[in-house]
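Participant: The structure under discussion is supplied below as structure tokens; questions concerning it will follow.
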Amino acid sequence: MKRIFINSHDQDWLFLINRSLEQAGFEVHFVEQAESLQNESPDLLILDTKSSDDLQKWNRTFDSESLSSVPVFVASGDYTIKKRALSSGANEFLKKPFQTTNLISLINKL
């Protein structure tokens with residue numbers, strides 16, 4: 001079972017994603033800060049961000065030795081941060097809103 005860690009400030013979005021991913025058979029955890037991942041071993045990290053500043057806070061996490069091989073998906077309604085997300089280490093950029101079936105398909109390809 002894949003362990004997916006999600007960071008978001010959007011409670012409604014978290015509820016929807018959590019429900020969809022759990023129904024698809026994934027173990028879902030919520031994380032508020034990058035430091036919370038220090039002793040964890042996620043299979044995937046999903047960041048729901050509204051700005052490049054939010055993304056920059058996670059850059060050290062992408063570079064850390066223990067998490068450098070963990071796939072990162074960035075979800076945002078703002079395409080202007082797509083390039084920055086991908087150059088910061090994200091493997092996928094998902095434009096919100098998106099179908100949860102598309103997210104599940106991407107996760108299953110890992």
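Naming works like this for the structure tokens: A, B, ... for the chains as they're shown, residue 1 at the start of each chain, ligands 1 onward in shown order.
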Hey, which bits of segment 69-96 of chain A sit within 9 Å of segment 30-51 of chain A, and for each residue what's the closest pair of atoms and how far apart in Å (one decimal), counting only C-alpha atoms, rows by chain and increasing number, as CSV?
Facilitator:
residue,atom,partner,partner_atom,distance
A:Val70,CA,A:Leu44,CA,5.7
A:Pro71,CA,A:Leu44,CA,5.1
A:Val72,CA,A:Leu45,CA,4.8
A:Phe73,CA,A:Ile46,CA,4.8
A:Val74,CA,A:Leu47,CA,4.8
A:Ala75,CA,A:Asp48,CA,4.6
A:Ser76,CA,A:Thr49,CA,5.5
A:Gly77,CA,A:Lys50,CA,7.1
A:Asp78,CA,A:Lys50,CA,6.8
A:Thr80,CA,A:Ser51,CA,8.8
A:Ile81,CA,A:Ser51,CA,6.8
Participant: Go ahead and write the residues just picked, C-alpha atoms, as an mmCIF file, in the first residue's frame.
Facilitator:
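What landed in result-v5.cif:
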data_model
loop_
_atom_site.group_PDB
_atom_site.id
_atom_site.type_symbol
_atom_site.label_atom_id
_atom_site.label_comp_id
_atom_site.auth_asym_id
_atom_site.auth_seq_id
_atom_site.Cartn_x
_atom_site.Cartn_y
_atom_site.Cartn_z
ATOM 1 C CA VAL A 70 10.262 10.623 -3.278
ATOM 2 C CA PRO A 71 8.021 11.735 -6.167
ATOM 3 C CA VAL A 72 6.433 15.135 -5.596
ATOM 4 C CA PHE A 73 3.213 16.331 -7.205
ATOM 5 C CA VAL A 74 2.311 20.011 -6.972
ATOM 6 C CA ALA A 75 -1.332 21.011 -7.281
ATOM 7 C CA SER A 76 -2.253 24.618 -7.888
ATOM 8 C CA GLY A 77 -4.757 26.753 -9.683
ATOM 9 C CA ASP A 78 -1.928 29.011 -10.854
ATOM 10 C CA THR A 80 2.641 30.633 -13.268
ATOM 11 C CA ILE A 81 4.247 28.432 -10.630
#
Participant: Restricting the calculation to only C-alpha atoms, which member of A:Glu92, A:Ser8, A:Trp13, A:Arg3 is positioned closest to Glu27 of chain A?
Facilitator: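 When distances to Glu27 of chain A are compared using only C-alpha atoms, the smallest one comes from A:Arg3.
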Participant: So which bits of chain A end up strand (DSSP E or B) when you DSSP the backbone, as a PyMOL selection string?
Facilitator: chain A and resi 3-7+27-30+44-48+72-76+92-95
Participant: As an MDAnalysis selection string, please: every residue in chain A that DSSP puts in helix (DSSP H, G or I).
Facilitator: chainID A and resid 11:23 34:37 52:63 79:88 100:108
Participant: Atom CA of Phe26 of chain A to atom CA of Asp12 of chain A: how many Å, to one decimal?
Facilitator: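 About the pair atom CA of Phe26 of chain A and atom CA of Asp12 of chain A: they are 18.9 Å apart.
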Participant: As an exercise, work out the distance from atom CA of Ser88 of chain A to atom CA of Gln56 of chain A in Å and give it to one decimal place.
Facilitator: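 Calculated distance between atom CA of Ser88 of chain A and atom CA of Gln56 of chain A is 8.1 Å.
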Participant: Using only C-alpha atoms, which protein or nucleic acid residues come within 8 Å of Gly89 of chain A? Drop anything in the same chain fewer than 3 positions from it, and give the result as a PyMOL selection string.
Facilitator: chain A and resi 59+62+72+85-86
Participant: Can I get the selection written as a PDB file, in the first residue's frame, with all heavy atoms?
Facilitator:
ATOM      1  N   ASN A  59      11.534  23.472  -0.692  1.00  0.00           N
ATOM      2  CA  ASN A  59      12.710  23.147  -1.500  1.00  0.00           C
ATOM      3  C   ASN A  59      13.747  22.323  -0.750  1.00  0.00           C
ATOM      4  O   ASN A  59      14.319  21.387  -1.297  1.00  0.00           O
ATOM      5  CB  ASN A  59      13.364  24.407  -2.056  1.00  0.00           C
ATOM      6  CG  ASN A  59      12.688  24.890  -3.312  1.00  0.00           C
ATOM      7  OD1 ASN A  59      11.892  24.169  -3.912  1.00  0.00           O
ATOM      8  ND2 ASN A  59      12.974  26.104  -3.712  1.00  0.00           N
ATOM      9  N   PHE A  62      12.817  18.681  -0.730  1.00  0.00           N
ATOM     10  CA  PHE A  62      13.080  17.984  -1.990  1.00  0.00           C
ATOM     11  C   PHE A  62      14.537  17.554  -2.071  1.00  0.00           C
ATOM     12  O   PHE A  62      14.854  16.526  -2.643  1.00  0.00           O
ATOM     13  CB  PHE A  62      12.771  18.862  -3.202  1.00  0.00           C
ATOM     14  CG  PHE A  62      11.369  19.395  -3.272  1.00  0.00           C
ATOM     15  CD1 PHE A  62      11.109  20.578  -3.925  1.00  0.00           C
ATOM     16  CD2 PHE A  62      10.305  18.725  -2.696  1.00  0.00           C
ATOM     17  CE1 PHE A  62       9.825  21.086  -4.014  1.00  0.00           C
ATOM     18  CE2 PHE A  62       9.022  19.217  -2.778  1.00  0.00           C
ATOM     19  CZ  PHE A  62       8.783  20.402  -3.440  1.00  0.00           C
ATOM     20  N   VAL A  72       7.182  13.997  -6.115  1.00  0.00           N
ATOM     21  CA  VAL A  72       6.433  15.135  -5.596  1.00  0.00           C
ATOM     22  C   VAL A  72       5.485  15.621  -6.684  1.00  0.00           C
ATOM     23  O   VAL A  72       5.901  15.860  -7.815  1.00  0.00           O
ATOM     24  CB  VAL A  72       7.381  16.283  -5.184  1.00  0.00           C
ATOM     25  CG1 VAL A  72       6.585  17.501  -4.726  1.00  0.00           C
ATOM     26  CG2 VAL A  72       8.348  15.830  -4.098  1.00  0.00           C
ATOM     27  N   ALA A  85       7.784  24.940  -9.957  1.00  0.00           N
ATOM     28  CA  ALA A  85       7.537  23.669  -9.273  1.00  0.00           C
ATOM     29  C   ALA A  85       8.366  22.555  -9.900  1.00  0.00           C
ATOM     30  O   ALA A  85       9.024  21.783  -9.197  1.00  0.00           O
ATOM     31  CB  ALA A  85       6.057  23.317  -9.327  1.00  0.00           C
ATOM     32  N   LEU A  86       8.347  22.476 -11.207  1.00  0.00           N
ATOM     33  CA  LEU A  86       9.070  21.405 -11.889  1.00  0.00           C
ATOM     34  C   LEU A  86      10.583  21.577 -11.762  1.00  0.00           C
ATOM     35  O   LEU A  86      11.317  20.608 -11.598  1.00  0.00           O
ATOM     36  CB  LEU A  86       8.643  21.326 -13.353  1.00  0.00           C
ATOM     37  CG  LEU A  86       7.171  20.929 -13.561  1.00  0.00           C
ATOM     38  CD1 LEU A  86       6.791  21.026 -15.027  1.00  0.00           C
ATOM     39  CD2 LEU A  86       6.895  19.529 -13.018  1.00  0.00           C
TER      40      LEU A  86
END
Participant: With only C-alpha atoms as the atoms that count, which of A:His29, A:Pro97, A:Leu55, A:Asn91 lies nearest to Phe5 of chain A?
Facilitator: A:His29
